[in-house]
>>> print(open('run_6.csv').read())   # CSV, C-alpha atoms
chain,number,residue,atom,x,y,z
G,17,MET,CA,19.8,14.9,200.7
G,18,ARG,CA,17.7,14.7,203.8
G,19,ARG,CA,15.0,16.9,202.3
G,20,LYS,CA,14.9,14.9,199.1
G,21,THR,CA,14.5,11.6,201.1
G,22,LEU,CA,11.9,13.2,203.2
G,23,PHE,CA,10.0,14.5,200.1
G,24,VAL,CA,10.1,11.0,198.4
G,25,SER,CA,8.9,9.3,201.6
G,26,ILE,CA,6.0,11.8,201.9
G,27,VAL,CA,5.0,11.4,198.3
G,28,PHE,CA,5.2,7.6,198.5
G,29,THR,CA,3.1,7.5,201.7
G,30,ILE,CA,0.4,9.8,200.2
G,31,LEU,CA,0.2,7.7,197.0
G,32,LEU,CA,-0.3,4.6,199.1
G,33,ALA,CA,-3.0,6.2,201.2
G,34,ILE,CA,-5.0,8.1,198.6
G,35,PRO,CA,-6.5,5.1,196.8
G,36,THR,CA,-7.9,3.9,200.1
G,37,LEU,CA,-9.8,7.1,200.5
G,38,THR,CA,-13.3,6.7,199.2
G,39,TRP,CA,-15.0,10.0,200.1
G,40,ALA,CA,-18.2,9.1,201.9
G,41,TRP,CA,-20.2,12.3,201.3
G,42,SER,CA,-19.9,15.9,200.3
G,43,GLY,CA,-21.4,19.2,201.5
G,44,GLU,CA,-21.0,22.9,202.0
G,45,VAL,CA,-19.0,24.2,205.0
G,46,VAL,CA,-21.5,26.4,206.8
G,47,GLY,CA,-19.5,27.0,210.1
G,48,ILE,CA,-16.0,27.2,211.5
G,49,ALA,CA,-15.9,26.6,215.3
G,50,ASP,CA,-12.1,26.7,215.5
G,51,GLY,CA,-9.1,25.4,213.5
G,52,ASP,CA,-10.0,21.8,213.7
G,53,THR,CA,-13.8,21.8,214.0
G,54,ILE,CA,-16.2,22.8,211.2
G,55,THR,CA,-19.9,22.3,210.4
G,56,VAL,CA,-20.8,20.9,207.0
G,57,LEU,CA,-24.3,20.8,205.5
G,58,ASN,CA,-24.5,17.2,204.3
G,59,SER,CA,-25.7,17.3,200.7
G,60,LYS,CA,-27.4,13.8,201.1
G,61,THR,CA,-29.3,14.3,204.3
G,62,LEU,CA,-29.5,18.2,204.3
G,63,LYS,CA,-28.4,18.1,207.9
G,64,ASP,CA,-25.6,20.1,209.6
G,65,VAL,CA,-22.8,17.8,210.7
G,66,LYS,CA,-20.2,19.0,213.2
G,67,ILE,CA,-16.9,17.6,212.1
G,68,ARG,CA,-13.7,17.3,214.2
G,69,LEU,CA,-10.7,16.9,211.9
G,70,TYR,CA,-9.1,13.5,212.2
G,71,GLY,CA,-5.6,13.1,213.6
G,72,ILE,CA,-4.7,16.7,214.3
G,73,ASP,CA,-5.1,19.3,217.0
G,74,THR,CA,-5.0,23.1,216.5
G,75,PRO,CA,-4.5,25.7,219.2
G,76,GLU,CA,-7.5,26.5,221.3
G,77,ARG,CA,-9.5,29.7,221.4
G,78,GLY,CA,-7.6,32.1,223.7
G,79,GLN,CA,-4.3,30.2,223.0
G,80,ALA,CA,-1.5,31.7,220.8
G,81,PHE,CA,-2.2,31.0,217.1
G,82,GLY,CA,-5.8,29.8,217.9
G,83,ARG,CA,-7.4,32.6,215.9
G,84,ARG,CA,-4.9,32.2,213.0
G,85,ALA,CA,-5.6,28.5,212.8
G,86,LYS,CA,-9.4,29.3,212.7
G,87,GLN,CA,-8.8,31.9,210.0
G,88,PHE,CA,-6.7,29.5,207.9
G,89,THR,CA,-9.4,26.8,208.1
G,90,SER,CA,-12.1,29.4,207.2
G,91,LYS,CA,-10.1,30.7,204.2
G,92,LEU,CA,-9.6,27.2,202.9
G,93,VAL,CA,-13.1,25.8,203.3
G,94,TYR,CA,-15.8,28.2,204.4
G,95,GLY,CA,-18.7,28.4,201.9
G,96,LYS,CA,-17.1,25.7,199.8
G,97,VAL,CA,-18.2,22.2,199.0
G,98,VAL,CA,-15.9,19.6,200.7
G,99,GLU,CA,-15.6,15.9,200.6
G,100,VAL,CA,-15.8,14.1,203.9
G,101,GLU,CA,-14.3,10.7,204.8
G,102,VAL,CA,-15.7,9.7,208.2
G,103,MET,CA,-13.1,8.0,210.4
G,104,ASP,CA,-14.9,7.8,213.8
G,105,THR,CA,-17.2,9.6,216.2
G,106,ASP,CA,-15.7,11.3,219.3
G,107,ARG,CA,-17.0,11.3,222.9
G,108,TYR,CA,-18.9,14.6,222.2
G,109,GLY,CA,-20.8,13.0,219.3
G,110,ARG,CA,-18.9,14.9,216.6
G,111,THR,CA,-18.0,13.1,213.4
G,112,VAL,CA,-14.2,12.7,213.2
G,113,ALA,CA,-13.1,12.9,209.5
G,114,LEU,CA,-10.7,13.7,206.8
G,115,VAL,CA,-11.9,16.7,204.8
G,116,ALA,CA,-10.9,17.5,201.3
G,117,VAL,CA,-11.4,20.6,199.2
G,118,ASN,CA,-10.0,21.1,195.7
G,119,LYS,CA,-8.0,17.8,196.1
G,120,GLN,CA,-6.3,19.2,199.2
G,121,ILE,CA,-6.8,17.5,202.6
G,122,LEU,CA,-7.6,20.2,205.1
G,123,ASN,CA,-6.1,18.1,207.9
G,124,GLU,CA,-2.7,18.1,206.1
G,125,GLU,CA,-2.8,21.7,205.0
G,126,LEU,CA,-3.1,22.8,208.6
G,127,LEU,CA,0.0,20.8,209.4
G,128,LYS,CA,1.9,22.1,206.4
G,129,ALA,CA,1.1,25.7,207.3
G,130,GLY,CA,2.2,25.1,210.9
G,131,TYR,CA,-1.2,25.6,212.5
G,132,ALA,CA,-1.7,22.1,213.9
G,133,TRP,CA,0.1,19.2,215.7
G,134,VAL,CA,-0.3,15.6,214.8
G,135,TYR,CA,-2.6,14.3,217.6
G,136,TYR,CA,-0.7,11.0,218.1
G,137,GLN,CA,-3.1,9.8,220.8
G,138,TYR,CA,-5.8,9.6,218.1
G,139,CYS,CA,-3.9,9.4,214.8
G,140,HIS,CA,-3.4,5.7,214.0
G,141,GLU,CA,-3.7,5.4,210.2
G,142,MET,CA,-0.7,5.1,207.8
G,143,ILE,CA,-1.3,8.7,206.7
G,144,CYS,CA,-0.2,9.9,210.1
G,145,HIS,CA,3.4,9.0,209.4
G,146,ALA,CA,3.5,11.5,206.5
G,147,TRP,CA,1.7,14.0,208.6
G,148,ALA,CA,4.6,13.8,211.2
G,149,ASP,CA,6.9,14.8,208.4
G,150,TYR,CA,4.7,17.8,207.5
G,151,GLN,CA,4.8,18.9,211.1
G,152,PHE,CA,8.5,18.4,211.3
G,153,ALA,CA,9.1,20.5,208.1
G,154,ALA,CA,6.8,23.3,209.4
G,155,LYS,CA,8.7,23.3,212.7
G,156,LEU,CA,12.1,23.4,210.9
G,157,ASP,CA,10.9,26.3,208.7
G,158,LYS,CA,9.3,28.1,211.7
G,159,ARG,CA,5.9,28.3,210.0
G,160,GLY,CA,2.7,29.3,211.9
G,161,LEU,CA,2.8,28.4,215.6
G,162,TRP,CA,6.4,27.1,215.3
G,163,ARG,CA,7.5,30.8,215.2
G,164,ASP,CA,6.8,30.7,219.0
G,165,PRO,CA,10.0,29.6,220.8
G,166,ASP,CA,8.0,27.3,223.1
G,167,PRO,CA,4.5,26.4,221.7
G,168,ILE,CA,2.2,24.7,224.0
G,169,PRO,CA,0.2,21.8,222.5
G,170,PRO,CA,-3.5,22.2,222.8
G,171,TRP,CA,-4.0,19.1,225.0
G,172,GLU,CA,-1.6,20.6,227.6
G,173,PHE,CA,-3.3,24.0,227.3
G,174,ARG,CA,-6.7,22.3,228.0
G,175,ARG,CA,-5.3,20.3,230.9
G,176,LYS,CA,-3.9,23.5,232.5
G,177,LYS,CA,-7.2,25.3,232.0
G,178,ARG,CA,-9.1,22.4,233.7
G,179,GLY,CA,-6.7,22.5,236.6
G,180,GLN,CA,-7.4,26.1,237.4
>>> encode(input="run_6.csv", output="structure tokens")
Amino acid sequence: MRRKTLFVSIVFTILLAIPTLTWAWSGEVVGIADGDTITVLNSKTLKDVKIRLYGIDTPERGQAFGRRAKQFTSKLVYGKVVEVEVMDTDRYGRTVALVAVNKQILNEELLKAGYAWVYYQYCHEMICHAWADYQFAAKLDKRGLWRDPDPIPPWEFRRKKRGQ
């Protein structure tokens, strides 16, 4: 019963959120820096745009599951045309966005596969509530990084690294 309720709430949340997504632009993915950072050749401006995926955080390079998260992202979008919905710009000047390919939102797919955490510090849209459910389901099913008995969130990994 819990799974059915969870499924219905996820579907309802997505249906509410999807009409509000008006994809701003499209382009081909020409680079994958890591699981949550890609480069897209904007088809309007013909310029490369570095994109940080909105609302999620994947394991860092050198961190457990970092390479797998990057491979997952690459398999889903590299060389493909994606739709980009700009949400913000981060402190490094990267575009922060939702990215869709073949009607799948990459940000969500990483959560479903267990290769990302919801980045609550920066995830403030309604869609983030459904994403928390995806993360919880991946954790319950021990998908991706949730196979690790004690996964370290990337923000803690980065903090420890800076502290060295």
>>> residues_around(input="run_6.csv", residues="G:Pro75", least_positions_apart="3", cutoff="12 Å", atoms="all atoms listed in the file", output="count of residues only")
34
>>> atom_distance(input="run_6.csv", atom1="atom CA of G:Glu124", atom2="atom CA of G:Asp64")
23.3 Å
>>> closest_residue(input="run_6.csv", among="G:Asp73, G:Glu44, G:Asp106, G:Glu99", to="G:Tyr136", atoms="only C-alpha atoms")
G:Asp73
>>> residues_around(input="run_6.csv", residues="G:Gly71", least_positions_apart="5", cutoff="9 Å", atoms="only C-alpha atoms", output="number ranges by chain")
G: 112-114, 123, 133-141, 144, 147
>>> write_last_selection(input="run_6.csv", atoms="C-alpha atoms", output="short mmCIF file (atom, residue, chain, number, x, y, z; two decimals), in the coordinates of the input")
data_model
loop_
_atom_site.label_atom_id
_atom_site.label_comp_id
_atom_site.auth_asym_id
_atom_site.auth_seq_id
_atom_site.Cartn_x
_atom_site.Cartn_y
_atom_site.Cartn_z
CA VAL G 112 -14.20 12.70 213.20
CA ALA G 113 -13.10 12.90 209.50
CA LEU G 114 -10.70 13.70 206.80
CA ASN G 123 -6.10 18.10 207.90
CA TRP G 133 0.10 19.20 215.70
CA VAL G 134 -0.30 15.60 214.80
CA TYR G 135 -2.60 14.30 217.60
CA TYR G 136 -0.70 11.00 218.10
CA GLN G 137 -3.10 9.80 220.80
CA TYR G 138 -5.80 9.60 218.10
CA CYS G 139 -3.90 9.40 214.80
CA HIS G 140 -3.40 5.70 214.00
CA GLU G 141 -3.70 5.40 210.20
CA CYS G 144 -0.20 9.90 210.10
CA TRP G 147 1.70 14.00 208.60
#
>>> residues_around(input="run_6.csv", residues="G:Ser59", least_positions_apart="4", cutoff="8 Å", atoms="only C-alpha atoms", output="VMD selection string")
chain G and resid 41 to 44 63
>>> write_last_selection(input="run_6.csv", atoms="C-alpha atoms", output="mmCIF file, in the frame of the given file")
data_model
loop_
_atom_site.group_PDB
_atom_site.id
_atom_site.type_symbol
_atom_site.label_atom_id
_atom_site.label_comp_id
_atom_site.auth_asym_id
_atom_site.auth_seq_id
_atom_site.Cartn_x
_atom_site.Cartn_y
_atom_site.Cartn_z
ATOM 1 C CA TRP G 41 -20.200 12.300 201.300
ATOM 2 C CA SER G 42 -19.900 15.900 200.300
ATOM 3 C CA GLY G 43 -21.400 19.200 201.500
ATOM 4 C CA GLU G 44 -21.000 22.900 202.000
ATOM 5 C CA LYS G 63 -28.400 18.100 207.900
#
>>> atom_distance(input="run_6.csv", atom1="atom CA of G:Glu101", atom2="atom CA of G:Ile121")
10.4 Å
>>> closest_residue(input="run_6.csv", among="G:Ala148, G:Leu69, G:Val98, G:Val117", to="G:Val56", atoms="only C-alpha atoms")
G:Val98
>>> closest_residue(input="run_6.csv", among="G:Thr111, G:Thr89, G:Thr105, G:Gln120", to="G:Ala49", atoms="all atoms listed in the file")
G:Thr89
>>> atom_distance(input="run_6.csv", atom1="atom CA of G:Lys91", atom2="atom CA of G:Phe152")
23.4 Å
>>> closest_residue(input="run_6.csv", among="G:Arg77, G:Arg163, G:Arg110, G:Lys155", to="G:Val65", atoms="only C-alpha atoms")
G:Arg110
